[in-house]
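Novice: Here's a structure for you.
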Amino acid sequence: MKLKNILLGGLLVFALSTCDTKKEVKTIEVQEFKTEIAKPNVQLIDVRDAELYSEGHIPGAMNIELSSENFVDMIQTLDKKNPVAVYCRGGGQSAEAAQKLNEAGFEVIELQGGFLTWDGEVEK
C-alpha cells in the first residue's frame with residue numbers, strides 16, 4: 001500500500017510539473033485580427049511609443065508603451081478573463097509584449113507584421 005501511495009504521489013508531482021498553464025500566443029494576419037478585435041471582450045493594445053500612437057492607431061486601441069518602465073505594472077490593470085490583442089509598428093515589439101502578457105497569464109492575440117499591415121480604419 002505504501003509503495004502504491006509513493007508511486008501515485010510521484011506521478012501527481014510529475015503531472016503537475018509538466019502542466020503548462022500559459023497559452024500559446026496566437027499570431028494572426030490582418031483579416032483575422034480584424035475579426036478578433038471586433039469581439040466585444042477583446043482588449044486592444046498598441047505598444048508603440050505615444051508619438052506614433054498619436055499619428056494614427058487602430059480605433060479603440062489603448063496605448064501601453066512597451067518601452068515604458070511601468071509596462072508590466074500597466075498590463076496588470078487589464079482583465080485576465082478577456083483576451084488581449086496587441087500590435088506595434090512592424091511586429092518586433094508586439095512579439096516581446098505578447099510574451100510578457102502571456103507570462104502574466106493573459107490570452108494573447110498578436111497582429112503579424114504590425115500596424116504596417118493594417119488596411120482598416122485609423123484613428124488619430
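Convention: chains lettered A, B, ... in C-alpha cells order; per-chain residue numbering from 1; ligands numbered from 1 as shown.
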Write out as a list in words the residues lying within 8 Å of Lys80 of chain A, counting only C-alpha atoms and excluding same-chain residues fewer than 6 positions away.

Specialist: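 Here the answer would be Gly105, Phe106 and Glu107 of chain A.
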
Novice: Could you save those same residues with C-alpha atoms as a short mmCIF file (atom, residue, chain, number, x, y, z; two decimals), in the first residue's frame?

Specialist:
```cif
data_model
loop_
_atom_site.label_atom_id
_atom_site.label_comp_id
_atom_site.auth_asym_id
_atom_site.auth_seq_id
_atom_site.Cartn_x
_atom_site.Cartn_y
_atom_site.Cartn_z
CA GLY A 105 -1.35 34.97 -17.58
CA PHE A 106 -3.19 36.65 -20.46
CA GLU A 107 -4.62 35.02 -23.57
#
```

Novice: Residues near Ser68 of chain A, anyone? I mean within 9 Å using only C-alpha atoms, not counting same-chain ones fewer than 4 positions away, as a CSV table (one decimal) with C-alpha atoms, in the first residue's frame.

Specialist:
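Below is the file that was written, part-v8.csv:
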```
chain,number,residue,atom,x,y,z
A,49,ASP,CA,5.5,55.0,-28.3
A,64,ILE,CA,0.6,51.0,-23.3
A,72,VAL,CA,4.4,45.2,-16.6
```

Novice: Tell me, in Å to one decimal, how far atom CA of Val84 of chain A is from atom CA of Ile109 of chain A.

Specialist: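 Going from atom CA of Val84 of chain A over to atom CA of Ile109 of chain A, I get 6.1 Å.
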
Novice: For a quick check of understanding, using only C-alpha atoms, which of A:Leu116, A:Met62, A:Val25, A:Cys88 has the smallest distance to Gln43 of chain A?

Specialist: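 Nearest to Gln43 of chain A: A:Met62.
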
Novice: What lies within 9 Å of His57 of chain A using only C-alpha atoms, ignoring chain neighbours under 3 positions off, as a list of chain:residue names?

Specialist: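 What passes the distance filter is A:Asp46, A:Leu52, A:Tyr53, A:Ser54, A:Gly60, A:Ala61, A:Asn63, A:Phe115, A:Glu121, A:Val122, A:Glu123, A:Lys124.
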
Novice: Atoms to include: C-alpha atoms. Write the selected residues as a PDB file, in the first residue's frame.

Specialist:
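After the write, result10.pdb holds the following:
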```
ATOM      1  CA  ASP A  46      -0.894  49.428 -29.132  1.00  0.00           C
ATOM      2  CA  LEU A  52       3.499  57.011 -33.179  1.00  0.00           C
ATOM      3  CA  TYR A  53       0.212  56.199 -31.444  1.00  0.00           C
ATOM      4  CA  SER A  54      -0.952  59.833 -31.802  1.00  0.00           C
ATOM      5  CA  GLY A  60     -10.333  51.510 -29.759  1.00  0.00           C
ATOM      6  CA  ALA A  61      -6.680  50.725 -29.026  1.00  0.00           C
ATOM      7  CA  ASN A  63      -1.581  52.877 -25.744  1.00  0.00           C
ATOM      8  CA  PHE A 115       0.475  48.338 -37.909  1.00  0.00           C
ATOM      9  CA  GLU A 121      -9.775  52.428 -40.317  1.00  0.00           C
ATOM     10  CA  VAL A 122      -7.231  54.586 -38.483  1.00  0.00           C
ATOM     11  CA  GLU A 123      -7.971  56.881 -35.559  1.00  0.00           C
ATOM     12  CA  LYS A 124      -5.868  59.918 -34.626  1.00  0.00           C
TER      13      LYS A 124
END
```

Novice: Using DSSP secondary structure from the backbone, list all alpha helix (DSSP H) positions within segment 5-121 of chain A, as number ranges by chain.

Specialist: A: 5-18, 30-37, 50-55, 71-75, 92-103

Novice: Mind checking which residues fall within 9 Å of Ile28 of chain A, counting only C-alpha atoms, ignoring those fewer than 5 positions away in the same chain, and posting them as a PyMOL selection string?

Specialist: chain A and resi 33+109-113
